[in-house]
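K.L.:
Next comes input.tsv, TSV, C-alpha atoms:
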chain	number	residue	atom	x	y	z
A	401	GLY	CA	47.35	-53.58	-27.48
A	402	ALA	CA	44.33	-51.55	-28.69
A	403	VAL	CA	44.71	-52.09	-32.43
A	404	VAL	CA	42.03	-50.91	-34.83
A	405	SER	CA	42.11	-52.19	-38.38
A	406	GLN	CA	40.36	-50.38	-41.22
A	407	HIS	CA	39.82	-51.73	-44.70
A	408	PRO	CA	40.23	-50.83	-47.49
A	409	SER	CA	42.93	-48.21	-47.18
A	410	TRP	CA	42.14	-46.74	-50.57
A	411	VAL	CA	39.20	-47.11	-52.91
A	412	ILE	CA	38.25	-45.55	-56.22
A	413	CYS	CA	34.69	-45.89	-57.41
A	414	LYS	CA	32.40	-44.53	-60.09
A	415	SER	CA	29.78	-41.96	-59.28
A	416	GLY	CA	26.50	-43.58	-58.25
A	417	THR	CA	28.01	-46.75	-56.81
A	418	SER	CA	28.19	-47.75	-53.15
A	419	VAL	CA	31.31	-48.37	-51.11
A	420	LYS	CA	31.63	-50.27	-47.84
A	421	ILE	CA	34.38	-49.54	-45.32
A	422	GLU	CA	35.13	-51.91	-42.45
A	423	CYS	CA	36.49	-51.07	-39.03
A	424	ARG	CA	37.64	-53.84	-36.71
A	425	SER	CA	38.99	-53.85	-33.19
A	426	LEU	CA	41.58	-56.63	-33.20
A	427	ASP	CA	42.46	-57.13	-29.57
A	428	PHE	CA	39.60	-55.63	-27.60
A	429	GLN	CA	35.84	-55.43	-27.62
A	430	ALA	CA	34.67	-52.09	-28.94
A	431	THR	CA	31.47	-51.07	-27.24
A	432	THR	CA	31.44	-47.84	-29.21
A	433	MET	CA	32.90	-46.92	-32.57
A	434	PHE	CA	33.09	-43.51	-34.16
A	435	TRP	CA	33.24	-42.52	-37.82
A	436	TYR	CA	35.01	-39.35	-38.92
A	437	ARG	CA	35.55	-37.60	-42.21
A	438	GLN	CA	38.63	-35.54	-42.87
A	439	PHE	CA	39.07	-33.26	-45.88
A	440	PRO	CA	42.61	-32.31	-46.97
A	441	LYS	CA	44.38	-30.09	-44.47
A	442	GLN	CA	41.32	-30.00	-42.25
A	443	SER	CA	40.34	-31.42	-38.91
A	444	LEU	CA	38.46	-34.60	-38.10
A	445	MET	CA	34.71	-34.12	-38.26
A	446	LEU	CA	32.60	-36.63	-36.40
A	447	MET	CA	29.94	-38.17	-38.61
A	448	ALA	CA	28.31	-40.68	-36.29
A	449	THR	CA	28.63	-42.75	-33.16
A	450	SER	CA	27.72	-46.42	-33.24
A	451	ASN	CA	27.10	-48.74	-30.35
A	452	GLU	CA	27.02	-52.48	-30.78
A	453	GLY	CA	23.54	-53.76	-31.45
A	454	SER	CA	21.83	-50.38	-31.72
A	455	LYS	CA	21.25	-47.73	-34.32
A	456	ALA	CA	23.97	-45.20	-34.95
A	457	THR	CA	23.65	-41.64	-33.76
A	458	TYR	CA	24.41	-39.19	-36.54
A	459	GLU	CA	25.79	-35.70	-36.15
A	460	GLN	CA	23.79	-32.78	-37.39
A	461	GLY	CA	24.04	-32.38	-41.13
A	462	VAL	CA	25.11	-35.97	-41.84
A	463	GLU	CA	22.64	-37.85	-44.04
A	464	LYS	CA	21.87	-41.16	-42.39
A	465	ASP	CA	20.43	-42.62	-45.59
A	466	LYS	CA	23.60	-41.81	-47.46
A	467	PHE	CA	26.08	-42.98	-44.83
A	468	LEU	CA	24.81	-46.29	-43.54
A	469	ILE	CA	26.47	-47.51	-40.37
A	470	ASN	CA	26.18	-51.00	-38.97
A	471	HIS	CA	27.77	-52.17	-35.71
A	472	ALA	CA	26.77	-55.80	-35.74
A	473	SER	CA	29.34	-57.12	-33.29
A	474	LEU	CA	31.71	-55.92	-30.60
A	475	THR	CA	34.61	-56.02	-33.03
A	476	LEU	CA	33.16	-54.79	-36.32
A	477	SER	CA	31.48	-51.65	-37.58
A	478	THR	CA	30.89	-50.82	-41.24
A	479	LEU	CA	30.25	-47.55	-43.04
A	480	THR	CA	28.56	-47.75	-46.44
A	481	VAL	CA	28.62	-44.68	-48.62
A	482	THR	CA	25.59	-45.10	-50.87
A	483	SER	CA	25.26	-43.57	-54.32
A	484	ALA	CA	28.65	-41.92	-53.96
A	485	HIS	CA	29.35	-38.64	-55.71
A	486	PRO	CA	32.60	-36.74	-56.24
A	487	GLU	CA	31.86	-34.48	-53.27
A	488	ASP	CA	31.97	-37.58	-51.04
A	489	SER	CA	35.64	-38.00	-51.87
A	490	SER	CA	37.47	-37.72	-48.56
A	491	PHE	CA	39.52	-39.52	-45.93
A	492	TYR	CA	37.23	-41.59	-43.69
A	493	ILE	CA	38.61	-42.70	-40.32
A	494	CYS	CA	37.06	-44.88	-37.64
A	495	SER	CA	37.94	-45.09	-33.98
A	496	ALA	CA	36.94	-47.41	-31.20
A	497	ILE	CA	36.73	-47.42	-27.44
A	498	SER	CA	36.23	-50.15	-24.92
A	499	GLY	CA	33.61	-49.79	-22.24
A	500	GLY	CA	34.69	-47.56	-19.37
A	501	VAL	CA	37.81	-46.32	-21.18
A	502	VAL	CA	37.56	-42.95	-22.87
A	503	ILE	CA	40.70	-43.23	-25.02
A	504	GLN	CA	39.87	-43.52	-28.72
A	505	TYR	CA	42.08	-45.70	-30.89
A	506	PHE	CA	42.02	-44.89	-34.57
A	507	GLY	CA	42.04	-46.97	-37.69
A	508	ALA	CA	44.49	-46.12	-40.48
A	509	GLY	CA	41.78	-44.47	-42.55
A	510	THR	CA	40.24	-45.03	-45.97
A	511	ARG	CA	40.87	-42.65	-48.81
A	512	LEU	CA	37.78	-42.58	-51.02
A	513	SER	CA	37.97	-41.13	-54.51
A	514	VAL	CA	34.72	-40.91	-56.46
A	515	LEU	CA	35.12	-40.36	-60.18
B	717	GLY	CA	27.70	-28.37	-28.23
B	718	GLU	CA	31.41	-28.22	-27.58
B	719	ASN	CA	33.63	-25.91	-29.60
B	720	VAL	CA	37.40	-26.25	-29.58
B	721	GLU	CA	39.69	-23.58	-30.99
B	722	GLN	CA	43.35	-24.24	-31.67
B	723	HIS	CA	46.28	-21.89	-32.33
B	724	PRO	CA	48.48	-21.45	-34.19
B	725	SER	CA	47.48	-23.18	-37.41
B	726	THR	CA	51.12	-23.45	-38.49
B	727	LEU	CA	54.29	-23.35	-36.42
B	728	SER	CA	57.91	-23.55	-37.48
B	729	VAL	CA	60.50	-24.18	-34.82
B	730	GLN	CA	64.26	-24.57	-34.96
B	731	GLU	CA	65.40	-28.05	-34.01
B	732	GLY	CA	66.14	-28.18	-30.30
B	733	ASP	CA	63.80	-25.34	-29.43
B	734	SER	CA	60.41	-25.71	-27.75
B	735	ALA	CA	57.00	-25.66	-29.37
B	736	VAL	CA	53.73	-24.64	-27.72
B	737	ILE	CA	50.25	-25.20	-29.11
B	738	LYS	CA	47.20	-23.78	-27.38
B	739	CYS	CA	43.53	-24.78	-27.33
B	740	THR	CA	40.42	-23.36	-25.76
B	741	TYR	CA	37.12	-25.12	-25.22
B	742	SER	CA	33.62	-23.89	-24.56
B	743	ASP	CA	31.84	-26.62	-22.58
B	744	SER	CA	32.64	-26.40	-18.88
B	745	ALA	CA	31.47	-30.01	-18.53
B	746	SER	CA	34.37	-31.28	-20.65
B	747	ASN	CA	36.71	-33.35	-18.52
B	748	TYR	CA	39.05	-35.19	-20.88
B	749	PHE	CA	41.58	-33.55	-23.19
B	750	PRO	CA	43.74	-35.68	-25.49
B	751	TRP	CA	46.36	-34.57	-27.98
B	752	TYR	CA	46.86	-36.47	-31.22
B	753	LYS	CA	49.71	-36.41	-33.70
B	754	GLN	CA	48.91	-37.15	-37.33
B	755	GLU	CA	51.46	-37.63	-40.06
B	756	LEU	CA	50.40	-37.16	-43.65
B	757	GLY	CA	47.89	-39.81	-44.71
B	758	LYS	CA	48.24	-41.70	-41.45
B	759	ARG	CA	46.02	-42.36	-38.47
B	760	PRO	CA	45.96	-39.94	-35.52
B	761	GLN	CA	48.17	-41.20	-32.70
B	762	LEU	CA	47.47	-40.31	-29.09
B	763	ILE	CA	50.57	-38.67	-27.64
B	764	ILE	CA	49.33	-37.43	-24.29
B	765	ASP	CA	46.06	-36.74	-22.51
B	766	ILE	CA	44.91	-35.01	-19.35
B	767	ARG	CA	41.80	-35.17	-17.23
B	768	SER	CA	40.12	-32.26	-15.53
B	769	ASN	CA	41.24	-33.24	-12.06
B	770	VAL	CA	44.89	-32.68	-13.03
B	771	GLY	CA	46.61	-29.40	-13.91
B	772	GLU	CA	49.70	-30.74	-15.64
B	773	LYS	CA	51.02	-33.97	-17.06
B	774	LYS	CA	54.42	-34.76	-18.49
B	775	ASP	CA	55.82	-37.59	-20.56
B	776	GLN	CA	59.48	-37.16	-21.45
B	777	ARG	CA	59.67	-34.23	-23.90
B	778	ILE	CA	55.92	-33.72	-24.02
B	779	ALA	CA	53.76	-31.97	-21.45
B	780	VAL	CA	50.20	-30.76	-21.29
B	781	THR	CA	48.79	-28.10	-18.99
B	782	LEU	CA	45.14	-27.46	-18.23
B	783	ASN	CA	43.49	-24.34	-16.83
B	784	LYS	CA	39.88	-25.25	-16.08
B	785	THR	CA	38.93	-21.76	-14.98
B	786	ALA	CA	40.04	-20.22	-18.24
B	787	LYS	CA	39.00	-23.31	-20.22
B	788	HIS	CA	42.24	-23.69	-22.06
B	789	PHE	CA	44.94	-26.33	-22.35
B	790	SER	CA	48.31	-26.38	-24.02
B	791	LEU	CA	50.78	-28.83	-25.48
B	792	HIS	CA	54.47	-28.25	-24.85
B	793	ILE	CA	57.18	-30.08	-26.77
B	794	THR	CA	60.74	-29.48	-25.62
B	795	GLU	CA	64.02	-30.26	-27.41
B	796	THR	CA	62.17	-30.65	-30.69
B	797	GLN	CA	63.45	-33.12	-33.28
B	798	PRO	CA	62.74	-33.47	-37.02
B	799	GLU	CA	60.45	-36.44	-36.34
B	800	ASP	CA	58.18	-34.14	-34.35
B	801	SER	CA	57.10	-32.57	-37.64
B	802	ALA	CA	53.41	-33.44	-38.12
B	803	VAL	CA	49.93	-32.07	-37.61
B	804	TYR	CA	48.82	-31.94	-33.99
B	805	PHE	CA	45.17	-31.93	-32.92
B	806	CYS	CA	43.75	-31.15	-29.53
B	807	ALA	CA	40.36	-32.49	-28.53
B	808	ALA	CA	37.86	-32.28	-25.72
B	809	SER	CA	35.28	-34.69	-24.39
B	810	SER	CA	32.57	-34.28	-21.82
B	811	GLY	CA	32.93	-37.90	-20.85
B	812	GLY	CA	29.24	-38.64	-20.75
B	813	ASN	CA	29.01	-39.67	-24.37
B	814	GLU	CA	32.73	-40.03	-24.99
B	815	LYS	CA	32.49	-37.97	-28.17
B	816	LEU	CA	35.59	-36.02	-29.03
B	817	THR	CA	35.45	-32.54	-30.51
B	818	PHE	CA	38.70	-31.78	-32.32
B	819	GLY	CA	40.52	-28.53	-32.78
B	820	THR	CA	41.44	-27.35	-36.25
B	821	GLY	CA	44.99	-28.66	-36.07
B	822	THR	CA	48.50	-27.20	-35.99
B	823	ARG	CA	51.04	-28.04	-38.65
B	824	LEU	CA	54.36	-28.18	-36.83
B	825	THR	CA	57.54	-28.04	-38.87
B	826	ILE	CA	60.91	-28.58	-37.22
B	827	ILE	CA	63.70	-26.83	-39.07
B	828	PRO	CA	67.00	-28.79	-38.96
Transcribe the structure of this file into C-alpha cells.

P.N.:
Amino acid sequence: GAVVSQHPSWVICKSGTSVKIECRSLDFQATTMFWYRQFPKQSLMLMATSNEGSKATYEQGVEKDKFLINHASLTLSTLTVTSAHPEDSSFYICSAISGGVVIQYFGAGTRLSVL
Amino acid sequence: GENVEQHPSTLSVQEGDSAVIKCTYSDSASNYFPWYKQELGKRPQLIIDIRSNVGEKKDQRIAVTLNKTAKHFSLHITETQPEDSAVYFCAASSGGNEKLTFGTGTRLTIIP
C-alpha cells in the first residue's frame, strides 16, 4: 500500500518554457502533498505544502509565481515550473500523506534539465 | 524553524561491522523522527521511525534511539551488507503541520 506515482521521471526542456510534473497517490487519499527539490549530493529541501482544495503554502525563498502548485483532488497534485531556466535544473520529488498519518510516502522523482 | 544536523557526511564500514549515524534537532516541539534511505536517482524509502514518547525502536538489523533531553537521535545498522550502501537522511517533524525537516545526509559505503 501507500504508493505515490510521479510523472514524468525525466524531462528536458528549452529555457523559457514551462514544465508540468504530476504527483498521484494511487491507493490512498492524500490530504496533503509536499514538493521538494534536491540538488546533486544534497538534501531534500521543502518547496511547498499543498492541501486539497486550498492554496499551497510556500517555504521562504520559493517563488510562488515560478513554481505553481495545484492540488485539485485528493489523489493529484501538480507542480508547474514556469519560464524554466538552467538554474531550475534539479531533481523534484513529491510526497504525500493521508489524514491523521504523519508518514510521508515519496514519488520516484522527476529529473528536470533546462537547456 | 526546525534545524536538523547530521553526522558524519560520509561513512565507510567493513561488511559485517556496525554503522552509526547521528542527528541533532533544534525544535523541542518535534515529536516524530523518521530515517530514509535513498539510492542514487531513486525515491527516499522510509526504513524506520520513532516518536517522542519512545526511547528506542528496533527492526531486525536497524535500530533508532532518541534522547529528547539532548535533542538527538541516532540510526544503528548492525551486520552491515553491501546492499546497505546508500545515502541516509534523518528528519524531524513537529507533528502540527507534518512538515519534515531533513538532515544533510550520510553517504554510507559498505566495503566487501

K.L.:
Could you list, as JSON, numbers by chain, every residue of chain A that has an atom within 7 Å of an atom of chain B, counting only C-alpha atoms?

P.N.:
{"A": [442, 443, 444, 502, 506, 507, 508, 509]}

K.L.:
Between B:Thr794, B:Ser746, B:Ser810, B:Thr740, which one has atoms that come closest to Pro724 (chain B), using all atoms listed in the file?

P.N.:
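Distance minimum relative to Pro724 (chain B) lands on B:Thr740.
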
K.L.:
If you measure from CA of Trp435 (chain A) to CA of Ile493 (chain A), what distance in Å do you get, rounded to one decimal?

P.N.:
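Answer for the CA of Trp435 (chain A) to CA of Ile493 (chain A) separation: 5.9 Å.
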
K.L.:
So which one's closest to Gly717 (chain B), A:Ile421, A:Thr432, A:Ser409, A:Glu459? Using all atoms listed in the file, please.

P.N.:
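The answer is A:Glu459, which sits nearest to Gly717 (chain B).
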
K.L.:
Which residue out of A:Met445, A:Tyr436, A:Asp488, A:Glu452 has the minimum interatomic distance to Lys466 (chain A) when all atoms listed in the file are used?

P.N.:
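Under the stated criterion, the closest residue is A:Asp488.
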
K.L.:
In Å, rounded to a single decimal, give me how far CA of Gln776 (chain B) is from CA of Ser801 (chain B).

P.N.:
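Atom-to-atom, CA of Ser801 (chain B) to CA of Gln776 (chain B), that is 17.0 Å.
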
K.L.:
Could you work out how far CA of Ile412 (chain A) lies from CA of Lys753 (chain B), giving the answer in Å with one decimal?

P.N.:
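The value is 26.9 Å.
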
K.L.:
Using all atoms listed in the file, what residues lie at most 10 Å away from (32.0, -25.1, -24.1) (file coordinates), given as a PDB file with C-alpha atoms, in the frame of the given file?

P.N.:
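part_39.pdb, freshly written:
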ATOM      1  CA  GLY B 717      27.700 -28.370 -28.230  1.00  0.00           C
ATOM      2  CA  GLU B 718      31.410 -28.220 -27.580  1.00  0.00           C
ATOM      3  CA  ASN B 719      33.630 -25.910 -29.600  1.00  0.00           C
ATOM      4  CA  VAL B 720      37.400 -26.250 -29.580  1.00  0.00           C
ATOM      5  CA  THR B 740      40.420 -23.360 -25.760  1.00  0.00           C
ATOM      6  CA  TYR B 741      37.120 -25.120 -25.220  1.00  0.00           C
ATOM      7  CA  SER B 742      33.620 -23.890 -24.560  1.00  0.00           C
ATOM      8  CA  ASP B 743      31.840 -26.620 -22.580  1.00  0.00           C
ATOM      9  CA  SER B 744      32.640 -26.400 -18.880  1.00  0.00           C
ATOM     10  CA  ALA B 745      31.470 -30.010 -18.530  1.00  0.00           C
ATOM     11  CA  SER B 746      34.370 -31.280 -20.650  1.00  0.00           C
ATOM     12  CA  LYS B 787      39.000 -23.310 -20.220  1.00  0.00           C
ATOM     13  CA  ALA B 808      37.860 -32.280 -25.720  1.00  0.00           C
ATOM     14  CA  SER B 810      32.570 -34.280 -21.820  1.00  0.00           C
TER      15      SER B 810
END

K.L.:
I'd like to know which of B:Thr726, B:Asp800, B:Lys773, B:Ser768 is closest to Thr785 (chain B), using all atoms listed in the file.

P.N.:
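With all atoms listed in the file as the atom set, the closest residue is B:Ser768.
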
K.L.:
Quick one: everything within 10 Å of Asp427 (chain A), counting all atoms listed in the file, minus sequence neighbours fewer than 6 positions away in the same chain. Send it as a PyMOL selection string.

P.N.:
chain A and resi 401-404+475

K.L.:
Check the smallest atom-to-atom distance from each of A:Thr480, A:Ser425, A:Gln438, A:Asn470 to Ser405 (chain A) using all atoms listed in the file, then report the winner.

P.N.:
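Nearest to Ser405 (chain A): A:Ser425.
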
K.L.:
Give me the residues within 10 Å of Ser489 (chain A) as a PyMOL selection string, counting all atoms listed in the file and dropping any in the same chain fewer than 2 places off.

P.N.:
chain A and resi 411-413+437-439+484-487+491-492+511-515

K.L.:
Looking at all atoms listed in the file, which of B:Asp775, B:Gln754, B:Phe789, B:Asn783 is the one that sits closest to Cys739 (chain B)?

P.N.:
B:Phe789

K.L.:
Which neighbours of Gly771 (chain B) fall inside 9 Å, counting all atoms listed in the file, when residues of the same chain fewer than 6 positions from it are skipped, and could you give them as an MDAnalysis selection string?

P.N.:
chainID B and resid 780:784

K.L.:
Distance cut-off 10 Å, centre (61.7, -27.4, -31.9) in file coordinates, counting only C-alpha atoms: which residues qualify? Return them as a ChimeraX atom specification.

P.N.:
/B:727-736,793-798,800-801,824-828

K.L.:
Would you mind putting back N, CA, C and O atoms on region 428-442 of chain A, then writing it out as a PDB file, in the coordinates of the input?

P.N.:
ATOM      1  N   PHE A 428      40.483 -56.047 -28.684  1.00  0.00           N
ATOM      2  CA  PHE A 428      39.600 -55.630 -27.600  1.00  0.00           C
ATOM      3  C   PHE A 428      38.179 -55.553 -28.130  1.00  0.00           C
ATOM      4  O   PHE A 428      37.946 -55.511 -29.333  1.00  0.00           O
ATOM      5  N   GLN A 429      37.234 -55.546 -27.218  1.00  0.00           N
ATOM      6  CA  GLN A 429      35.840 -55.430 -27.620  1.00  0.00           C
ATOM      7  C   GLN A 429      35.441 -53.961 -27.625  1.00  0.00           C
ATOM      8  O   GLN A 429      35.555 -53.285 -26.596  1.00  0.00           O
ATOM      9  N   ALA A 430      35.008 -53.499 -28.766  1.00  0.00           N
ATOM     10  CA  ALA A 430      34.670 -52.090 -28.940  1.00  0.00           C
ATOM     11  C   ALA A 430      33.191 -51.870 -28.704  1.00  0.00           C
ATOM     12  O   ALA A 430      32.359 -52.181 -29.543  1.00  0.00           O
ATOM     13  N   THR A 431      32.880 -51.331 -27.540  1.00  0.00           N
ATOM     14  CA  THR A 431      31.470 -51.070 -27.240  1.00  0.00           C
ATOM     15  C   THR A 431      30.939 -49.911 -28.075  1.00  0.00           C
ATOM     16  O   THR A 431      29.761 -49.857 -28.399  1.00  0.00           O
ATOM     17  N   THR A 432      31.830 -49.001 -28.412  1.00  0.00           N
ATOM     18  CA  THR A 432      31.440 -47.840 -29.210  1.00  0.00           C
ATOM     19  C   THR A 432      32.492 -47.593 -30.281  1.00  0.00           C
ATOM     20  O   THR A 432      33.690 -47.683 -30.015  1.00  0.00           O
ATOM     21  N   MET A 433      32.011 -47.309 -31.475  1.00  0.00           N
ATOM     22  CA  MET A 433      32.900 -46.920 -32.570  1.00  0.00           C
ATOM     23  C   MET A 433      32.431 -45.581 -33.119  1.00  0.00           C
ATOM     24  O   MET A 433      31.234 -45.264 -33.093  1.00  0.00           O
ATOM     25  N   PHE A 434      33.384 -44.816 -33.605  1.00  0.00           N
ATOM     26  CA  PHE A 434      33.090 -43.510 -34.160  1.00  0.00           C
ATOM     27  C   PHE A 434      33.561 -43.462 -35.610  1.00  0.00           C
ATOM     28  O   PHE A 434      34.594 -44.031 -35.954  1.00  0.00           O
ATOM     29  N   TRP A 435      32.834 -42.721 -36.437  1.00  0.00           N
ATOM     30  CA  TRP A 435      33.240 -42.520 -37.820  1.00  0.00           C
ATOM     31  C   TRP A 435      33.465 -41.032 -38.062  1.00  0.00           C
ATOM     32  O   TRP A 435      32.607 -40.199 -37.732  1.00  0.00           O
ATOM     33  N   TYR A 436      34.631 -40.726 -38.634  1.00  0.00           N
ATOM     34  CA  TYR A 436      35.010 -39.350 -38.920  1.00  0.00           C
ATOM     35  C   TYR A 436      35.272 -39.187 -40.413  1.00  0.00           C
ATOM     36  O   TYR A 436      35.626 -40.127 -41.113  1.00  0.00           O
ATOM     37  N   ARG A 437      35.147 -37.944 -40.856  1.00  0.00           N
ATOM     38  CA  ARG A 437      35.550 -37.600 -42.210  1.00  0.00           C
ATOM     39  C   ARG A 437      36.563 -36.469 -42.096  1.00  0.00           C
ATOM     40  O   ARG A 437      36.398 -35.562 -41.257  1.00  0.00           O
ATOM     41  N   GLN A 438      37.588 -36.546 -42.915  1.00  0.00           N
ATOM     42  CA  GLN A 438      38.630 -35.540 -42.870  1.00  0.00           C
ATOM     43  C   GLN A 438      38.973 -35.098 -44.285  1.00  0.00           C
ATOM     44  O   GLN A 438      39.462 -35.887 -45.094  1.00  0.00           O
ATOM     45  N   PHE A 439      38.702 -33.829 -44.582  1.00  0.00           N
ATOM     46  CA  PHE A 439      39.070 -33.260 -45.880  1.00  0.00           C
ATOM     47  C   PHE A 439      40.523 -32.802 -45.795  1.00  0.00           C
ATOM     48  O   PHE A 439      41.046 -32.573 -44.701  1.00  0.00           O
ATOM     49  N   PRO A 440      41.188 -32.671 -46.968  1.00  0.00           N
ATOM     50  CA  PRO A 440      42.610 -32.310 -46.970  1.00  0.00           C
ATOM     51  C   PRO A 440      42.909 -31.068 -46.151  1.00  0.00           C
ATOM     52  O   PRO A 440      42.208 -30.063 -46.256  1.00  0.00           O
ATOM     53  N   LYS A 441      43.899 -31.184 -45.312  1.00  0.00           N
ATOM     54  CA  LYS A 441      44.380 -30.090 -44.470  1.00  0.00           C
ATOM     55  C   LYS A 441      43.302 -29.563 -43.529  1.00  0.00           C
ATOM     56  O   LYS A 441      43.357 -28.407 -43.101  1.00  0.00           O
ATOM     57  N   GLN A 442      42.352 -30.413 -43.195  1.00  0.00           N
ATOM     58  CA  GLN A 442      41.320 -30.000 -42.250  1.00  0.00           C
ATOM     59  C   GLN A 442      41.269 -30.958 -41.064  1.00  0.00           C
ATOM     60  O   GLN A 442      41.975 -31.970 -41.028  1.00  0.00           O
TER      61      GLN A 442
END
